[in-house]
Structure formats: structure tokens, C-alpha cells
$ cat coords-v4.txt   # compact mmCIF, C-alpha atoms
# COMPACT_ATOMS: atom_id res chain seq x y z
CA MET Z 1 0.00 0.00 0.00
CA LYS Z 2 2.87 2.34 0.82
CA LYS Z 3 4.39 1.76 -2.64
CA ILE Z 4 1.10 2.62 -4.37
CA ALA Z 5 0.78 5.85 -2.37
CA THR Z 6 4.37 6.80 -3.20
CA LEU Z 7 3.76 6.01 -6.88
CA LEU Z 8 0.59 8.13 -6.95
CA ILE Z 9 2.33 11.07 -5.31
CA SER Z 10 5.16 10.81 -7.85
CA LEU Z 11 2.67 10.79 -10.74
CA VAL Z 12 0.89 13.87 -9.38
CA ILE Z 13 4.22 15.71 -9.09
CA ILE Z 14 5.15 14.77 -12.67
CA LEU Z 15 1.76 15.89 -14.00
CA LEU Z 16 1.95 19.22 -12.17
CA SER Z 17 5.43 19.89 -13.54
CA CYS Z 18 4.19 19.13 -17.07
CA LEU Z 19 1.32 21.60 -16.66
CA THR Z 20 3.77 24.28 -15.52
CA VAL Z 21 5.90 23.74 -18.64
CA LEU Z 22 2.81 23.88 -20.87
CA ALA Z 23 1.66 27.14 -19.25
CA ASP Z 24 5.01 28.75 -20.05
CA THR Z 25 5.07 27.58 -23.67
CA PRO Z 26 4.66 30.64 -25.92
CA THR Z 27 1.83 30.85 -28.44
CA ALA Z 28 2.71 31.47 -32.10
CA ILE Z 29 1.28 34.58 -33.80
CA SER Z 30 1.14 34.34 -37.60
CA THR Z 31 -1.75 36.58 -38.69
CA GLU Z 32 -3.25 39.99 -38.02
CA ALA Z 33 -6.30 38.33 -36.44
CA GLU Z 34 -4.11 36.34 -34.03
CA LEU Z 35 -2.19 39.49 -33.12
CA LYS Z 36 -5.43 41.35 -32.37
CA SER Z 37 -6.64 38.53 -30.11
CA ILE Z 38 -3.68 38.25 -27.72
CA SER Z 39 -4.45 38.48 -24.02
CA ALA Z 40 -2.88 40.87 -21.55
CA LEU Z 41 -0.94 38.21 -19.65
CA GLY Z 42 0.00 35.84 -22.48
CA ASN Z 43 3.36 34.59 -23.69
CA TYR Z 44 3.67 35.00 -27.48
CA TYR Z 45 6.13 34.97 -30.36
CA LEU Z 46 5.87 35.99 -34.00
CA ALA Z 47 6.10 32.93 -36.21
CA LYS Z 48 6.26 34.99 -39.43
CA ASP Z 49 6.14 38.56 -40.71
CA ILE Z 50 2.70 40.19 -40.47
CA THR Z 51 1.28 42.98 -42.62
CA LEU Z 52 -1.52 44.96 -40.98
CA THR Z 53 -4.42 46.35 -43.01
CA GLY Z 54 -6.60 49.37 -42.30
CA ASN Z 55 -6.75 51.49 -39.17
CA PHE Z 56 -5.44 49.50 -36.20
CA ALA Z 57 -7.02 49.74 -32.74
CA PRO Z 58 -4.16 49.71 -30.22
CA LEU Z 59 -4.02 46.56 -28.13
CA PRO Z 60 -4.86 47.12 -24.45
CA THR Z 61 -2.41 47.20 -21.55
CA PHE Z 62 0.05 44.30 -21.88
CA SER Z 63 1.74 42.48 -19.02
CA GLY Z 64 2.89 39.38 -20.85
CA THR Z 65 5.76 38.63 -23.23
CA LEU Z 66 5.94 39.21 -26.98
CA ASP Z 67 9.10 37.94 -28.67
CA GLY Z 68 9.29 39.09 -32.28
CA ARG Z 69 12.05 36.55 -32.97
CA GLY Z 70 13.45 38.91 -35.60
CA LYS Z 71 10.16 39.13 -37.52
CA THR Z 72 8.50 42.32 -38.78
CA ILE Z 73 5.06 43.84 -38.37
CA SER Z 74 4.41 46.20 -41.29
CA GLY Z 75 1.75 48.84 -41.90
CA LEU Z 76 0.78 49.83 -38.36
CA LYS Z 77 -1.66 52.68 -39.02
CA ILE Z 78 -3.47 54.41 -36.19
CA SER Z 79 -5.52 57.54 -36.79
CA THR Z 80 -7.61 58.84 -33.91
CA THR Z 81 -9.20 62.00 -32.55
CA ALA Z 82 -9.94 62.24 -28.85
CA GLY Z 83 -12.07 64.62 -26.85
CA SER Z 84 -10.14 67.42 -25.11
CA GLU Z 85 -10.54 65.85 -21.63
CA LYS Z 86 -9.41 62.36 -22.59
CA LYS Z 87 -6.03 60.67 -22.17
CA VAL Z 88 -4.90 58.90 -25.32
CA TYR Z 89 -2.48 55.96 -25.46
CA CYS Z 90 -1.38 55.04 -28.99
CA GLY Z 91 0.98 52.39 -30.26
CA LEU Z 92 0.83 48.71 -31.08
CA PHE Z 93 0.00 48.43 -27.34
CA GLN Z 94 -1.66 51.21 -25.36
CA LYS Z 95 0.44 50.56 -22.25
CA LEU Z 96 3.05 48.15 -20.96
CA ASP Z 97 2.62 47.15 -17.31
CA GLY Z 98 5.23 44.61 -16.26
CA GLY Z 99 5.46 43.03 -19.71
CA THR Z 100 8.32 42.44 -22.12
CA ILE Z 101 8.50 43.14 -25.84
CA LYS Z 102 11.69 42.10 -27.60
CA ASN Z 103 13.33 41.26 -30.93
CA LEU Z 104 10.61 43.01 -32.94
CA THR Z 105 10.69 45.28 -35.99
CA LEU Z 106 7.86 47.64 -36.92
CA LYS Z 107 8.07 49.19 -40.36
CA ASP Z 108 5.90 51.68 -42.23
CA VAL Z 109 4.38 52.99 -38.97
CA ASP Z 110 1.91 55.85 -39.44
CA ILE Z 111 0.36 57.12 -36.20
CA GLU Z 112 -1.69 60.32 -36.15
CA VAL Z 113 -3.37 61.53 -32.96
CA SER Z 114 -5.34 64.73 -32.47
CA GLY Z 115 -7.12 66.08 -29.41
CA GLY Z 116 -6.84 64.63 -25.96
CA SER Z 117 -5.70 66.28 -22.74
CA SER Z 118 -2.66 64.00 -22.55
CA VAL Z 119 -1.32 62.06 -25.50
CA TYR Z 120 1.10 59.17 -25.03
CA ALA Z 121 2.30 57.85 -28.36
CA GLY Z 122 5.00 55.44 -29.44
CA ALA Z 123 5.16 52.92 -32.22
CA ILE Z 124 5.48 49.86 -29.98
CA VAL Z 125 3.94 51.17 -26.74
CA GLY Z 126 2.08 54.38 -25.98
CA LYS Z 127 3.16 54.43 -22.34
CA ILE Z 128 5.39 52.17 -20.27
CA ASP Z 129 4.27 51.97 -16.64
CA SER Z 130 6.75 49.15 -16.01
CA GLY Z 131 8.38 46.41 -18.04
CA SER Z 132 10.89 46.43 -20.86
CA VAL Z 133 11.22 46.88 -24.59
CA PHE Z 134 14.55 45.84 -26.04
CA ASN Z 135 16.22 44.83 -29.28
CA CYS Z 136 13.40 46.44 -31.28
CA ARG Z 137 13.52 48.61 -34.39
CA VAL Z 138 10.95 51.05 -35.73
CA GLY Z 139 10.54 52.96 -38.98
CA GLY Z 140 7.78 55.42 -39.82
CA LYS Z 141 6.18 58.52 -38.36
CA ILE Z 142 4.13 59.69 -35.41
CA THR Z 143 2.22 62.97 -35.62

$ encode --input "coords-v4.txt" --output "C-alpha cells"
Amino acid sequence: MKKIATLLISLVIILLSCLTVLADTPTAISTEAELKSISALGNYYLAKDITLTGNFAPLPTFSGTLDGRGKTISGLKISTTAGSEKKVYCGLFQKLDGGTIKNLTLKDVDIEVSGGSSVYAGAIVGKIDSGSVFNCRVGGKIT
């Protein structure tokens, strides 16, 4: 009986360690739709270059990890007008709060913001509350 209990405890420990590894496994992003659907706490990587179409709604506050793995997101276009009392956060992500964005290239960025009492704009992140952005490159304009 003691051997069975020890075996069951060992199996539970192995299963829990497997679940921990699976939870840390990053999710591949290959399309604009997948990029738009990432969650705030997720762990992601770009599996291929992505070209965005149309006006892009900045992704909400991000606290996860996005590893570009040397891939490029092209055509980030954000055009918005805000009321005079509103704070505006523009970029691929509105804010970074404890997250990490790395090894990413944005090209052909075109961000245009008008109005707003406070405007925070950047190609990758509008405002960094905490976290890090490193080994990233950006080309384009912000007005």
C-alpha cells in the first residue's frame, strides 16, 4: 500500500510539472487576427512577418511577453481623434505594465493623434508603466 501511495504522489508531481511547462510555452502569432486577439498576460512569439491592413485599434495594456524573434510587423496605421478631456495611449500596445517586448521590428508605422488632454504615443507602446522593450527597431512617423 505504501508503494502505491508513493507512486501516486510521484505521478501527481510529474503531471503538475508538465502543466507548468505547458503554461510557459509561448503561443505562435502568424496573422493579423491572431495578433489582435492576444491576451494581456499571455506569452507570445511571431512565427512569421505580419502585414496589418486598415486602421489599427491599439491593443490594451500588456503584461505578458511578446518575442518578435526577428520578424516584422508592417503597416501599423493608427488615426484617432480624442475629446479634449481624454487621455490617449497610442501604439501597437496602449500601455506596458510589467510586460516584455523584444526582438521586434515595426516598419511603415503611421500614427496620427489629435485632441486629448494628454497624449502618449510610441510605435510599440504608448506608455510604459513598467516592463521592458529591447532589441526592437521602428521605422515610420508619429504625428

$ residues_around --input "coords-v4.txt" --residues "Lys102 of chain Z" --least-positions-apart "5" --cutoff "9 Å" --atoms "only C-alpha atoms" --output "list in words"
Thr65, Leu66, Asp67, Gly68, Arg69, Gly70, Ser132, Val133, Phe134, Asn135 and Cys136 of chain Z

$ write_last_selection --input "coords-v4.txt" --atoms "C-alpha atoms" --output "tab-separated table (two decimals), in the frame of the given file"
chain	number	residue	atom	x	y	z
Z	65	THR	CA	5.76	38.63	-23.23
Z	66	LEU	CA	5.94	39.21	-26.98
Z	67	ASP	CA	9.10	37.94	-28.67
Z	68	GLY	CA	9.29	39.09	-32.28
Z	69	ARG	CA	12.05	36.55	-32.97
Z	70	GLY	CA	13.45	38.91	-35.60
Z	132	SER	CA	10.89	46.43	-20.86
Z	133	VAL	CA	11.22	46.88	-24.59
Z	134	PHE	CA	14.55	45.84	-26.04
Z	135	ASN	CA	16.22	44.83	-29.28
Z	136	CYS	CA	13.40	46.44	-31.28

$ residues_near_point --input "coords-v4.txt" --point "(-3.8, 51.5, -30.1)" --cutoff "9 Å" --atoms "only C-alpha atoms" --output "number ranges by chain"
Z: 56-60, 78, 88-95, 121, 125-126

$ closest_residue --input "coords-v4.txt" --among "Z:Leu41, Z:Ile142, Z:Ile124, Z:Ile73" --to "Lys107 of chain Z" --atoms "all atoms listed in the file"
Z:Ile73

$ atom_distance --input "coords-v4.txt" --atom1 "atom CA of Ala47 of chain Z" --atom2 "atom CA of Lys71 of chain Z"
7.5 Å

$ residues_around --input "coords-v4.txt" --residues "Leu96 of chain Z" --least-positions-apart "5" --cutoff "7 Å" --atoms "only C-alpha atoms" --output "PyMOL selection string"
chain Z and resi 61-63+125+127-131

$ residues_around --input "coords-v4.txt" --residues "Ala82 of chain Z" --least-positions-apart "6" --cutoff "9 Å" --atoms "all atoms listed in the file" --output "number ranges by chain"
Z: 88, 113-117

$ atom_distance --input "coords-v4.txt" --atom1 "atom CA of Arg137 of chain Z" --atom2 "atom CA of Thr72 of chain Z"
9.2 Å

$ closest_residue --input "coords-v4.txt" --among "Z:Gly75, Z:Gly42, Z:Glu112, Z:Thr81" --to "Thr100 of chain Z" --atoms "only C-alpha atoms"
Z:Gly42

$ closest_residue --input "coords-v4.txt" --among "Z:Gly122, Z:Thr53, Z:Lys87, Z:Ala28" --to "Ser74 of chain Z" --atoms "all atoms listed in the file"
Z:Thr53

$ closest_residue --input "coords-v4.txt" --among "Z:Leu76, Z:Ile29, Z:Val138, Z:Val119" --to "Thr105 of chain Z" --atoms "all atoms listed in the file"
Z:Val138

$ atom_distance --input "coords-v4.txt" --atom1 "atom CA of Asp97 of chain Z" --atom2 "atom CA of Gly83 of chain Z"
24.7 Å
